[in-house]
$ cat protein-v2.cif   # mmCIF, C-alpha atoms
data_query
#
loop_
_atom_site.group_PDB
_atom_site.id
_atom_site.type_symbol
_atom_site.label_atom_id
_atom_site.label_comp_id
_atom_site.auth_asym_id
_atom_site.auth_seq_id
_atom_site.Cartn_x
_atom_site.Cartn_y
_atom_site.Cartn_z
ATOM 1 C CA MET A 1 14.933 -34.281 -0.761
ATOM 2 C CA THR A 2 15.621 -32.122 2.265
ATOM 3 C CA THR A 3 13.369 -32.546 5.260
ATOM 4 C CA HIS A 4 12.923 -30.317 8.281
ATOM 5 C CA ASP A 5 12.257 -30.975 11.932
ATOM 6 C CA ASP A 6 8.747 -31.826 13.046
ATOM 7 C CA GLY A 7 6.842 -29.261 15.051
ATOM 8 C CA ILE A 8 7.097 -26.407 12.558
ATOM 9 C CA ARG A 9 5.214 -23.321 13.728
ATOM 10 C CA VAL A 10 3.959 -20.861 11.134
ATOM 11 C CA ALA A 11 2.797 -17.340 11.961
ATOM 12 C CA VAL A 12 0.557 -15.612 9.424
ATOM 13 C CA LEU A 13 0.832 -11.975 10.434
ATOM 14 C CA ASP A 14 -1.490 -9.008 9.986
ATOM 15 C CA ASP A 15 -4.480 -10.957 8.709
ATOM 16 C CA TYR A 16 -6.642 -7.899 9.431
ATOM 17 C CA GLN A 17 -9.814 -9.232 7.843
ATOM 18 C CA GLY A 18 -9.465 -12.768 9.193
ATOM 19 C CA VAL A 19 -9.602 -14.276 5.705
ATOM 20 C CA ALA A 20 -6.236 -16.023 5.343
ATOM 21 C CA ALA A 21 -7.388 -19.372 6.761
ATOM 22 C CA GLY A 22 -10.119 -19.699 4.150
ATOM 23 C CA LEU A 23 -8.187 -18.591 1.079
ATOM 24 C CA ALA A 24 -5.592 -21.381 0.917
ATOM 25 C CA ASP A 25 -5.150 -25.029 1.921
ATOM 26 C CA TRP A 26 -2.995 -24.567 5.011
ATOM 27 C CA GLY A 27 -3.969 -28.036 6.215
ATOM 28 C CA GLY A 28 -2.224 -29.487 3.181
ATOM 29 C CA LEU A 29 1.103 -28.575 4.776
ATOM 30 C CA GLY A 30 0.694 -31.604 7.050
ATOM 31 C CA PRO A 31 -0.265 -32.322 10.656
ATOM 32 C CA GLU A 32 3.206 -31.486 11.952
ATOM 33 C CA VAL A 33 2.842 -27.875 10.760
ATOM 34 C CA ALA A 34 0.968 -25.653 13.199
ATOM 35 C CA VAL A 35 -0.376 -22.500 11.524
ATOM 36 C CA GLU A 36 -1.483 -19.537 13.624
ATOM 37 C CA PHE A 37 -3.207 -16.456 12.269
ATOM 38 C CA PHE A 38 -2.725 -12.985 13.750
ATOM 39 C CA SER A 39 -5.570 -10.578 13.019
ATOM 40 C CA GLU A 40 -4.099 -7.741 15.090
ATOM 41 C CA PRO A 41 -0.751 -6.049 14.390
ATOM 42 C CA VAL A 42 2.106 -7.196 16.611
ATOM 43 C CA PRO A 43 3.531 -4.081 18.329
ATOM 44 C CA ARG A 44 7.223 -3.566 17.788
ATOM 45 C CA VAL A 45 7.932 -3.663 21.530
ATOM 46 C CA ASP A 46 6.372 -7.131 21.752
ATOM 47 C CA ALA A 47 7.539 -8.525 18.417
ATOM 48 C CA ALA A 48 10.672 -10.364 19.592
ATOM 49 C CA ALA A 49 8.875 -12.172 22.408
ATOM 50 C CA ARG A 50 5.703 -12.900 20.421
ATOM 51 C CA LEU A 51 7.460 -14.168 17.306
ATOM 52 C CA ALA A 52 10.436 -15.994 18.838
ATOM 53 C CA PRO A 53 8.774 -19.462 18.812
ATOM 54 C CA TYR A 54 7.994 -19.470 15.086
ATOM 55 C CA THR A 55 9.871 -21.291 12.350
ATOM 56 C CA VAL A 56 8.115 -19.488 9.501
ATOM 57 C CA LEU A 57 6.830 -15.928 9.275
ATOM 58 C CA CYS A 58 4.283 -15.056 6.589
ATOM 59 C CA LEU A 59 4.128 -11.308 6.003
ATOM 60 C CA MET A 60 1.371 -9.352 4.284
ATOM 61 C CA ARG A 61 3.179 -6.807 2.152
ATOM 62 C CA GLU A 62 4.937 -4.205 4.341
ATOM 63 C CA ARG A 63 2.614 -4.335 7.337
ATOM 64 C CA MET A 64 5.246 -5.913 9.608
ATOM 65 C CA PRO A 65 8.789 -4.500 9.257
ATOM 66 C CA LEU A 66 11.469 -7.137 9.716
ATOM 67 C CA ASP A 67 14.789 -5.428 10.338
ATOM 68 C CA ALA A 68 18.174 -6.775 11.423
ATOM 69 C CA GLU A 69 17.550 -6.114 15.125
ATOM 70 C CA LEU A 70 14.295 -8.074 15.170
ATOM 71 C CA ILE A 71 15.730 -10.849 12.996
ATOM 72 C CA ALA A 72 18.580 -11.337 15.481
ATOM 73 C CA ALA A 73 16.010 -11.843 18.250
ATOM 74 C CA LEU A 74 14.204 -14.708 16.467
ATOM 75 C CA PRO A 75 16.279 -17.866 17.128
ATOM 76 C CA ASN A 76 13.875 -20.355 15.544
ATOM 77 C CA LEU A 77 13.211 -18.481 12.316
ATOM 78 C CA ARG A 78 14.128 -20.435 9.176
ATOM 79 C CA LEU A 79 11.800 -19.113 6.460
ATOM 80 C CA VAL A 80 10.153 -15.777 5.643
ATOM 81 C CA VAL A 81 7.486 -15.504 2.960
ATOM 82 C CA PHE A 82 6.199 -12.056 2.061
ATOM 83 C CA THR A 83 3.367 -11.299 -0.324
ATOM 84 C CA GLY A 84 4.046 -9.338 -3.492
ATOM 85 C CA GLY A 85 7.222 -9.105 -5.515
ATOM 86 C CA ARG A 86 9.255 -6.757 -3.308
ATOM 87 C CA ASN A 87 9.294 -5.640 0.299
ATOM 88 C CA PRO A 88 11.687 -2.873 1.370
ATOM 89 C CA SER A 89 10.588 -3.381 4.987
ATOM 90 C CA VAL A 90 12.338 -6.767 5.096
ATOM 91 C CA ASP A 91 16.122 -6.879 5.573
ATOM 92 C CA VAL A 92 16.822 -9.693 3.138
ATOM 93 C CA ALA A 93 20.575 -9.363 3.594
ATOM 94 C CA ALA A 94 20.306 -9.888 7.358
ATOM 95 C CA LEU A 95 18.066 -12.913 6.855
ATOM 96 C CA THR A 96 20.389 -14.416 4.259
ATOM 97 C CA ALA A 97 23.395 -13.872 6.518
ATOM 98 C CA ARG A 98 21.691 -16.011 9.148
ATOM 99 C CA GLY A 99 20.834 -18.708 6.623
ATOM 100 C CA ILE A 100 17.126 -17.898 6.651
ATOM 101 C CA MET A 101 15.344 -18.480 3.344
ATOM 102 C CA VAL A 102 13.234 -15.647 1.899
ATOM 103 C CA CYS A 103 10.500 -16.216 -0.673
ATOM 104 C CA ASN A 104 7.821 -14.014 -2.209
ATOM 105 C CA THR A 105 4.542 -14.418 -4.094
ATOM 106 C CA ARG A 106 3.115 -13.179 -7.336
ATOM 107 C CA ASN A 107 1.631 -9.681 -7.392
ATOM 108 C CA GLY A 108 -1.961 -10.482 -8.293
ATOM 109 C CA GLU A 109 -4.201 -7.707 -9.565
ATOM 110 C CA GLY A 110 -2.886 -5.196 -7.045
ATOM 111 C CA GLY A 111 -1.760 -2.711 -9.688
ATOM 112 C CA ILE A 112 -5.136 -2.701 -11.397
ATOM 113 C CA ALA A 113 -7.007 -2.509 -8.101
ATOM 114 C CA THR A 114 -4.822 0.350 -6.864
ATOM 115 C CA ALA A 115 -5.509 2.361 -10.006
ATOM 116 C CA GLU A 116 -9.232 1.795 -9.533
ATOM 117 C CA LEU A 117 -9.038 2.992 -5.938
ATOM 118 C CA ALA A 118 -7.150 6.124 -6.996
ATOM 119 C CA ILE A 119 -10.031 6.978 -9.319
ATOM 120 C CA ALA A 120 -12.564 6.201 -6.580
ATOM 121 C CA LEU A 121 -10.806 8.572 -4.167
ATOM 122 C CA MET A 122 -10.675 11.218 -6.884
ATOM 123 C CA LEU A 123 -14.421 10.968 -7.465
ATOM 124 C CA ALA A 124 -15.146 10.897 -3.724
ATOM 125 C CA CYS A 125 -13.273 14.175 -3.285
ATOM 126 C CA ALA A 126 -14.821 15.843 -6.308
ATOM 127 C CA ARG A 127 -18.390 14.887 -5.344
ATOM 128 C CA ASN A 128 -18.081 15.397 -1.556
ATOM 129 C CA LEU A 129 -19.007 11.783 -0.944
ATOM 130 C CA LYS A 130 -17.515 11.596 2.545
ATOM 131 C CA ARG A 131 -19.886 14.280 3.796
ATOM 132 C CA GLU A 132 -22.892 13.073 1.849
ATOM 133 C CA PHE A 133 -22.458 9.436 2.967
ATOM 134 C CA ALA A 134 -22.499 10.729 6.562
ATOM 135 C CA ASN A 135 -25.526 12.927 5.816
ATOM 136 C CA MET A 136 -27.539 10.033 4.452
ATOM 137 C CA ALA A 137 -26.668 7.826 7.429
ATOM 138 C CA ALA A 138 -27.783 10.655 9.737
ATOM 139 C CA GLY A 139 -31.099 11.213 7.944
ATOM 140 C CA ARG A 140 -30.132 14.442 6.174
ATOM 141 C CA TRP A 141 -30.361 15.259 2.475
ATOM 142 C CA GLN A 142 -28.141 16.909 -0.187
ATOM 143 C CA GLU A 143 -25.960 19.570 1.396
ATOM 144 C CA THR A 144 -23.042 19.947 -1.022
ATOM 145 C CA VAL A 145 -22.393 20.965 -4.623
ATOM 146 C CA GLY A 146 -19.779 18.766 -6.288
ATOM 147 C CA GLU A 147 -17.608 19.119 -9.369
ATOM 148 C CA GLY A 148 -17.337 17.146 -12.591
ATOM 149 C CA LEU A 149 -13.952 15.927 -13.806
ATOM 150 C CA GLU A 150 -14.476 16.323 -17.546
ATOM 151 C CA GLY A 151 -12.179 19.001 -18.940
ATOM 152 C CA ARG A 152 -10.020 19.041 -15.794
ATOM 153 C CA THR A 153 -6.270 18.388 -15.716
ATOM 154 C CA LEU A 154 -4.989 15.192 -14.117
ATOM 155 C CA GLY A 155 -1.329 15.401 -13.098
ATOM 156 C CA LEU A 156 0.442 12.087 -12.537
ATOM 157 C CA LEU A 157 3.572 12.035 -10.411
ATOM 158 C CA GLY A 158 4.962 8.830 -11.847
ATOM 159 C CA LEU A 159 3.775 7.111 -15.010
ATOM 160 C CA GLY A 160 4.539 3.445 -14.558
ATOM 161 C CA ARG A 161 2.042 0.629 -14.893
ATOM 162 C CA ILE A 162 -0.391 2.032 -12.311
ATOM 163 C CA GLY A 163 0.043 5.672 -13.323
ATOM 164 C CA ALA A 164 -0.600 4.830 -16.967
ATOM 165 C CA ARG A 165 -3.786 2.988 -16.038
ATOM 166 C CA VAL A 166 -5.005 5.967 -14.017
ATOM 167 C CA ALA A 167 -4.196 8.179 -17.007
ATOM 168 C CA ALA A 168 -6.315 5.944 -19.255
ATOM 169 C CA VAL A 169 -9.322 6.104 -16.920
ATOM 170 C CA GLY A 170 -8.846 9.829 -16.498
ATOM 171 C CA ARG A 171 -8.943 10.302 -20.261
ATOM 172 C CA ALA A 172 -12.097 8.177 -20.411
ATOM 173 C CA LEU A 173 -13.629 10.670 -17.967
ATOM 174 C CA GLY A 174 -12.674 13.510 -20.301
ATOM 175 C CA MET A 175 -9.641 14.675 -18.340
ATOM 176 C CA ARG A 176 -6.344 15.915 -19.782
ATOM 177 C CA ALA A 177 -3.504 13.767 -18.447
ATOM 178 C CA THR A 178 -0.060 15.203 -17.756
ATOM 179 C CA ALA A 179 2.886 13.550 -16.034
ATOM 180 C CA TRP A 180 6.304 14.050 -14.501
ATOM 181 C CA SER A 181 8.933 11.801 -12.981
ATOM 182 C CA PRO A 182 12.725 12.199 -12.787
ATOM 183 C CA ASN A 183 13.540 10.076 -15.834
ATOM 184 C CA LEU A 184 10.360 10.456 -17.863
ATOM 185 C CA THR A 185 10.846 11.401 -21.525
ATOM 186 C CA PRO A 186 8.256 12.934 -23.875
ATOM 187 C CA GLU A 187 8.131 9.653 -25.813
ATOM 188 C CA ARG A 188 7.522 7.519 -22.728
ATOM 189 C CA ALA A 189 4.945 9.988 -21.449
ATOM 190 C CA GLU A 190 3.063 9.811 -24.734
ATOM 191 C CA ALA A 191 3.207 6.009 -24.662
ATOM 192 C CA GLY A 192 1.705 6.155 -21.163
ATOM 193 C CA GLY A 193 -1.134 8.373 -22.340
ATOM 194 C CA ALA A 194 0.032 11.685 -20.887
ATOM 195 C CA ALA A 195 1.897 14.841 -21.838
ATOM 196 C CA LEU A 196 5.224 15.476 -20.154
ATOM 197 C CA VAL A 197 5.365 18.673 -18.067
ATOM 198 C CA THR A 198 7.812 20.039 -15.535
ATOM 199 C CA ARG A 199 7.419 19.122 -11.897
ATOM 200 C CA GLU A 200 6.531 22.722 -11.059
ATOM 201 C CA ALA A 201 3.915 22.893 -13.812
ATOM 202 C CA LEU A 202 2.344 19.625 -12.755
ATOM 203 C CA PHE A 203 1.521 20.969 -9.298
ATOM 204 C CA ALA A 204 0.592 24.461 -10.484
ATOM 205 C CA GLN A 205 -1.668 23.450 -13.387
ATOM 206 C CA SER A 206 -3.388 20.253 -12.228
ATOM 207 C CA ASP A 207 -6.861 20.052 -10.793
ATOM 208 C CA VAL A 208 -5.986 16.577 -9.499
ATOM 209 C CA VAL A 209 -2.486 15.338 -8.646
ATOM 210 C CA SER A 210 -2.141 11.570 -8.225
ATOM 211 C CA LEU A 211 1.031 9.933 -6.884
ATOM 212 C CA HIS A 212 2.375 6.735 -8.428
ATOM 213 C CA MET A 213 6.011 6.455 -7.378
ATOM 214 C CA VAL A 214 8.100 3.913 -5.484
ATOM 215 C CA LEU A 215 9.273 5.048 -2.057
ATOM 216 C CA ALA A 216 13.060 5.416 -2.007
ATOM 217 C CA PRO A 217 15.524 7.786 -0.347
ATOM 218 C CA SER A 218 15.320 9.998 -3.434
ATOM 219 C CA THR A 219 11.508 10.158 -3.398
ATOM 220 C CA ARG A 220 10.815 10.432 0.333
ATOM 221 C CA GLY A 221 9.080 13.785 0.866
ATOM 222 C CA ILE A 222 9.021 14.479 -2.873
ATOM 223 C CA VAL A 223 5.732 16.301 -2.283
ATOM 224 C CA GLY A 224 6.682 18.924 0.260
ATOM 225 C CA GLU A 225 5.515 22.303 1.417
ATOM 226 C CA ALA A 226 6.658 24.007 -1.812
ATOM 227 C CA GLU A 227 4.819 21.546 -4.069
ATOM 228 C CA ILE A 228 1.618 21.734 -2.018
ATOM 229 C CA ALA A 229 1.813 25.540 -2.015
ATOM 230 C CA ARG A 230 1.865 25.506 -5.844
ATOM 231 C CA MET A 231 -1.406 23.576 -6.039
ATOM 232 C CA ARG A 232 -4.527 25.414 -7.102
ATOM 233 C CA GLU A 233 -7.102 26.415 -4.500
ATOM 234 C CA GLY A 234 -9.418 23.431 -4.086
ATOM 235 C CA ALA A 235 -7.175 21.040 -6.032
ATOM 236 C CA ILE A 236 -7.209 17.366 -5.094
ATOM 237 C CA LEU A 237 -4.148 15.368 -4.011
ATOM 238 C CA ILE A 238 -4.411 11.572 -4.287
ATOM 239 C CA ASN A 239 -1.926 9.146 -2.730
ATOM 240 C CA THR A 240 -2.291 5.387 -3.176
ATOM 241 C CA SER A 241 1.466 4.723 -3.319
ATOM 242 C CA ARG A 242 3.283 5.299 -0.017
ATOM 243 C CA GLY A 243 2.607 7.788 2.764
ATOM 244 C CA PRO A 244 6.154 9.162 3.173
ATOM 245 C CA LEU A 245 6.169 10.456 -0.406
ATOM 246 C CA ILE A 246 4.300 13.438 1.067
ATOM 247 C CA ASP A 247 5.498 15.706 3.862
ATOM 248 C CA GLU A 248 2.706 14.847 6.277
ATOM 249 C CA ALA A 249 2.999 18.030 8.349
ATOM 250 C CA ALA A 250 2.751 20.214 5.246
ATOM 251 C CA LEU A 251 -0.248 18.223 4.029
ATOM 252 C CA VAL A 252 -2.087 18.473 7.343
ATOM 253 C CA ALA A 253 -1.430 22.225 7.427
ATOM 254 C CA ALA A 254 -2.798 22.762 3.898
ATOM 255 C CA LEU A 255 -5.875 20.628 4.598
ATOM 256 C CA SER A 256 -6.495 22.380 7.906
ATOM 257 C CA GLU A 257 -6.464 25.717 6.078
ATOM 258 C CA GLY A 258 -8.942 24.349 3.520
ATOM 259 C CA ARG A 259 -6.664 25.161 0.576
ATOM 260 C CA ILE A 260 -6.735 21.695 -0.998
ATOM 261 C CA ARG A 261 -8.518 18.367 -0.679
ATOM 262 C CA ALA A 262 -6.956 14.922 -0.411
ATOM 263 C CA GLY A 263 -7.808 11.278 -1.015
ATOM 264 C CA LEU A 264 -5.356 9.131 0.923
ATOM 265 C CA ASP A 265 -4.964 5.357 1.107
ATOM 266 C CA VAL A 266 -1.455 5.320 2.599
ATOM 267 C CA PHE A 267 0.143 7.002 5.588
ATOM 268 C CA ASP A 268 3.453 7.557 7.332
ATOM 269 C CA ARG A 269 2.377 5.230 10.122
ATOM 270 C CA GLU A 270 0.091 2.275 9.512
ATOM 271 C CA PRO A 271 -2.352 1.459 10.952
ATOM 272 C CA LEU A 272 -3.150 5.150 11.208
ATOM 273 C CA PRO A 273 -3.463 6.071 14.912
ATOM 274 C CA ALA A 274 -7.028 6.630 16.067
ATOM 275 C CA ASP A 275 -6.221 10.158 17.223
ATOM 276 C CA HIS A 276 -4.321 11.211 14.076
ATOM 277 C CA PRO A 277 -5.299 14.728 12.898
ATOM 278 C CA LEU A 278 -6.006 13.487 9.358
ATOM 279 C CA ARG A 279 -8.997 11.569 10.702
ATOM 280 C CA ARG A 280 -10.645 14.795 11.847
ATOM 281 C CA LEU A 281 -10.315 16.796 8.618
ATOM 282 C CA PRO A 282 -13.555 17.064 6.584
ATOM 283 C CA ASN A 283 -11.663 17.600 3.295
ATOM 284 C CA ALA A 284 -9.621 14.386 3.624
ATOM 285 C CA VAL A 285 -11.124 11.168 2.256
ATOM 286 C CA LEU A 286 -9.272 8.299 3.930
ATOM 287 C CA THR A 287 -9.127 4.561 3.239
ATOM 288 C CA PRO A 288 -7.020 2.047 5.226
ATOM 289 C CA HIS A 289 -4.435 1.008 2.583
ATOM 290 C CA LEU A 290 -6.991 -0.852 0.468
ATOM 291 C CA GLY A 291 -5.265 -0.399 -2.891
ATOM 292 C CA TYR A 292 -4.211 -4.034 -3.341
ATOM 293 C CA VAL A 293 -6.856 -5.564 -1.048
ATOM 294 C CA THR A 294 -9.122 -7.664 -3.272
ATOM 295 C CA GLN A 295 -10.389 -11.229 -3.059
ATOM 296 C CA SER A 296 -8.464 -12.498 -6.069
ATOM 297 C CA THR A 297 -5.197 -10.867 -4.998
ATOM 298 C CA PHE A 298 -5.419 -12.206 -1.461
ATOM 299 C CA ARG A 299 -6.281 -15.685 -2.717
ATOM 300 C CA MET A 300 -3.173 -15.643 -4.916
ATOM 301 C CA PHE A 301 -1.059 -14.266 -2.081
ATOM 302 C CA TYR A 302 -2.020 -16.976 0.380
ATOM 303 C CA GLU A 303 -2.021 -19.852 -2.114
ATOM 304 C CA ASP A 304 1.485 -18.806 -3.176
ATOM 305 C CA THR A 305 2.527 -18.549 0.479
ATOM 306 C CA VAL A 306 1.388 -22.117 1.196
ATOM 307 C CA GLU A 307 3.143 -23.275 -1.981
ATOM 308 C CA ALA A 308 6.368 -21.569 -0.871
ATOM 309 C CA ILE A 309 6.275 -23.233 2.563
ATOM 310 C CA ALA A 310 5.606 -26.653 1.061
ATOM 311 C CA ALA A 311 8.374 -26.227 -1.515
ATOM 312 C CA TRP A 312 10.844 -25.128 1.178
ATOM 313 C CA ARG A 313 10.036 -28.219 3.223
ATOM 314 C CA ARG A 314 10.717 -30.396 0.179
ATOM 315 C CA GLY A 315 14.101 -28.728 -0.284
ATOM 316 C CA ALA A 316 13.058 -27.187 -3.613
ATOM 317 C CA PRO A 317 12.162 -23.575 -2.721
ATOM 318 C CA VAL A 318 10.284 -21.384 -5.181
ATOM 319 C CA ARG A 319 10.415 -17.627 -5.815
ATOM 320 C CA VAL A 320 13.538 -17.198 -3.689
ATOM 321 C CA VAL A 321 14.464 -13.584 -2.902
ATOM 322 C CA THR A 322 18.140 -12.685 -2.712
ATOM 323 C CA SER A 323 19.711 -9.511 -1.406
#

$ encode --input "protein-v2.cif" --output "structure tokens"
Amino acid sequence: MTTHDDGIRVAVLDDYQGVAAGLADWGGLGPEVAVEFFSEPVPRVDAAARLAPYTVLCLMRERMPLDAELIAALPNLRLVVFTGGRNPSVDVAALTARGIMVCNTRNGEGGIATAELAIALMLACARNLKREFANMAAGRWQETVGEGLEGRTLGLLGLGRIGARVAAVGRALGMRATAWSPNLTPERAEAGGAALVTREALFAQSDVVSLHMVLAPSTRGIVGEAEIARMREGAILINTSRGPLIDEAALVAALSEGRIRAGLDVFDREPLPADHPLRRLPNAVLTPHLGYVTQSTFRMFYEDTVEAIAAWRRGAPVRVVTS
């Protein structure tokens, strides 16, 4: 059994809702382990100084990037645990090179919850819920005329686990589901509940386009000015995947002109700055990256995080991530 020095300090970062302490038995790690919870994001300019004392960093998904430069400035760091199965914002190779262990957690119901949120954003756009919620709070009554989704075309950019679930719900609403991704075949599209179309046709023919792709160099900006220009007047663009999949400037321009509507859960920069132009657009329904944020998922995340720390201290680490 491998033991570690007493006085271990654990930082649980980006606990926005202040729920981490109550969702797992942190006290079970022992009296020599001091756990501190950060409800506010740590600014990059302060990260090295703020995080230098900690032995363990617990990251919530990709909220806190951990690159080689920051890793080199953290002399006491010996373990990183991030929630979810993968985290491209963490330089695992740099951590491994310094002998720092990296572990992850299970995914929870994040995929299911994200699909549900995509549908919620779709409905909010179609029924003008942003405006009508504000109207009701202000004492006004029924000012918009919404649209039904039955008979409309749902275009899915990406048809993996989440995209296929969105397709299934879309069909239940009476929508026609189509899909495109670089390696999608007609057979795989059919198995996912959609008809394969070309990328150009997906944007030109869909009443709703919903993104379900992994962010990679090949997919960054995959929805650009040309794709947005092909969309029908009044079409809805949904993004619950990653903000940089869309050219943000092109999106803001199209929304400002009133050509399309958008339901967005993810952004180029998160948290989204308070003065960001997207916040001021009436045809943009915005949520603060809530796709995976559910009670059961967070409970699993934090219970798995505590388990990973305890296992590391015993010298028998679990769910080790390698570069």

$ residues_around --input "protein-v2.cif" --residues "segment 195-206 of chain A" --least-positions-apart "3" --cutoff "10 Å" --atoms "all atoms listed in the file" --output "ChimeraX atom specification"
/A:152-157,159,176-182,184-192,209-210,223,226-233,235-237

$ closest_residue --input "protein-v2.cif" --among "A:Val306, A:Leu121, A:Met60, A:Ile100" --to "Leu286 of chain A" --atoms "only C-alpha atoms"
A:Leu121

$ axis_aligned_box --input "protein-v2.cif" --around "segment 192-199 of chain A" --padding-each-side "8 Å" --output "JSON"
{"center_x": 3.3, "center_y": 13.1, "center_z": -17.1, "size_x": 24.9, "size_y": 29.9, "size_z": 26.4}

$ resolve_selection --input "protein-v2.cif" --expression "the PyMOL selection byres ((chain A and resi 132) around 8)" --output "PDB file with C-alpha atoms, keeping the file's coordinate frame"
ATOM      1  CA  ASN A 128     -18.081  15.397  -1.556  1.00  0.00           C
ATOM      2  CA  LEU A 129     -19.007  11.783  -0.944  1.00  0.00           C
ATOM      3  CA  LYS A 130     -17.515  11.596   2.545  1.00  0.00           C
ATOM      4  CA  ARG A 131     -19.886  14.280   3.796  1.00  0.00           C
ATOM      5  CA  PHE A 133     -22.458   9.436   2.967  1.00  0.00           C
ATOM      6  CA  ALA A 134     -22.499  10.729   6.562  1.00  0.00           C
ATOM      7  CA  ASN A 135     -25.526  12.927   5.816  1.00  0.00           C
ATOM      8  CA  MET A 136     -27.539  10.033   4.452  1.00  0.00           C
ATOM      9  CA  TRP A 141     -30.361  15.259   2.475  1.00  0.00           C
ATOM     10  CA  GLN A 142     -28.141  16.909  -0.187  1.00  0.00           C
ATOM     11  CA  GLU A 143     -25.960  19.570   1.396  1.00  0.00           C
ATOM     12  CA  THR A 144     -23.042  19.947  -1.022  1.00  0.00           C
TER      13      THR A 144
END

$ closest_residue --input "protein-v2.cif" --among "A:Val169, A:Leu79, A:Met213, A:Met175" --to "Tyr54 of chain A" --atoms "only C-alpha atoms"
A:Leu79

$ resolve_selection --input "protein-v2.cif" --expression "the PyMOL selection byres ((chain A and resi 11-22) around 6)" --output "list in words"
Val10, Leu23, Ala24, Glu36, Phe37, Phe38, Ser39, Glu40, Pro41, Leu57, Cys58 and Leu59 of chain A

$ write_last_selection --input "protein-v2.cif" --atoms "C-alpha atoms" --output "mmCIF file, in the coordinates of the input"
data_model
loop_
_atom_site.group_PDB
_atom_site.id
_atom_site.type_symbol
_atom_site.label_atom_id
_atom_site.label_comp_id
_atom_site.auth_asym_id
_atom_site.auth_seq_id
_atom_site.Cartn_x
_atom_site.Cartn_y
_atom_site.Cartn_z
ATOM 1 C CA VAL A 10 3.959 -20.861 11.134
ATOM 2 C CA LEU A 23 -8.187 -18.591 1.079
ATOM 3 C CA ALA A 24 -5.592 -21.381 0.917
ATOM 4 C CA GLU A 36 -1.483 -19.537 13.624
ATOM 5 C CA PHE A 37 -3.207 -16.456 12.269
ATOM 6 C CA PHE A 38 -2.725 -12.985 13.750
ATOM 7 C CA SER A 39 -5.570 -10.578 13.019
ATOM 8 C CA GLU A 40 -4.099 -7.741 15.090
ATOM 9 C CA PRO A 41 -0.751 -6.049 14.390
ATOM 10 C CA LEU A 57 6.830 -15.928 9.275
ATOM 11 C CA CYS A 58 4.283 -15.056 6.589
ATOM 12 C CA LEU A 59 4.128 -11.308 6.003
#

$ closest_residue --input "protein-v2.cif" --among "A:Glu225, A:Glu147, A:Glu307, A:Glu257" --to "Arg127 of chain A" --atoms "all atoms listed in the file"
A:Glu147

$ residues_around --input "protein-v2.cif" --residues "Val81 of chain A" --least-positions-apart "6" --cutoff "12 Å" --atoms "all atoms listed in the file" --output "ChimeraX atom specification"
/A:10-13,55-62,64,66,87,90,92,95,100-106,301-312,317-321

$ resolve_selection --input "protein-v2.cif" --expression "the PyMOL selection byres ((chain A and resi 288) around 9)" --output "PDB file with C-alpha atoms, in the coordinates of the input"
ATOM      1  CA  LEU A 264      -5.356   9.131   0.923  1.00  0.00           C
ATOM      2  CA  ASP A 265      -4.964   5.357   1.107  1.00  0.00           C
ATOM      3  CA  VAL A 266      -1.455   5.320   2.599  1.00  0.00           C
ATOM      4  CA  PHE A 267       0.143   7.002   5.588  1.00  0.00           C
ATOM      5  CA  GLU A 270       0.091   2.275   9.512  1.00  0.00           C
ATOM      6  CA  PRO A 271      -2.352   1.459  10.952  1.00  0.00           C
ATOM      7  CA  LEU A 272      -3.150   5.150  11.208  1.00  0.00           C
ATOM      8  CA  LEU A 286      -9.272   8.299   3.930  1.00  0.00           C
ATOM      9  CA  THR A 287      -9.127   4.561   3.239  1.00  0.00           C
ATOM     10  CA  HIS A 289      -4.435   1.008   2.583  1.00  0.00           C
ATOM     11  CA  LEU A 290      -6.991  -0.852   0.468  1.00  0.00           C
ATOM     12  CA  GLY A 291      -5.265  -0.399  -2.891  1.00  0.00           C
TER      13      GLY A 291
END
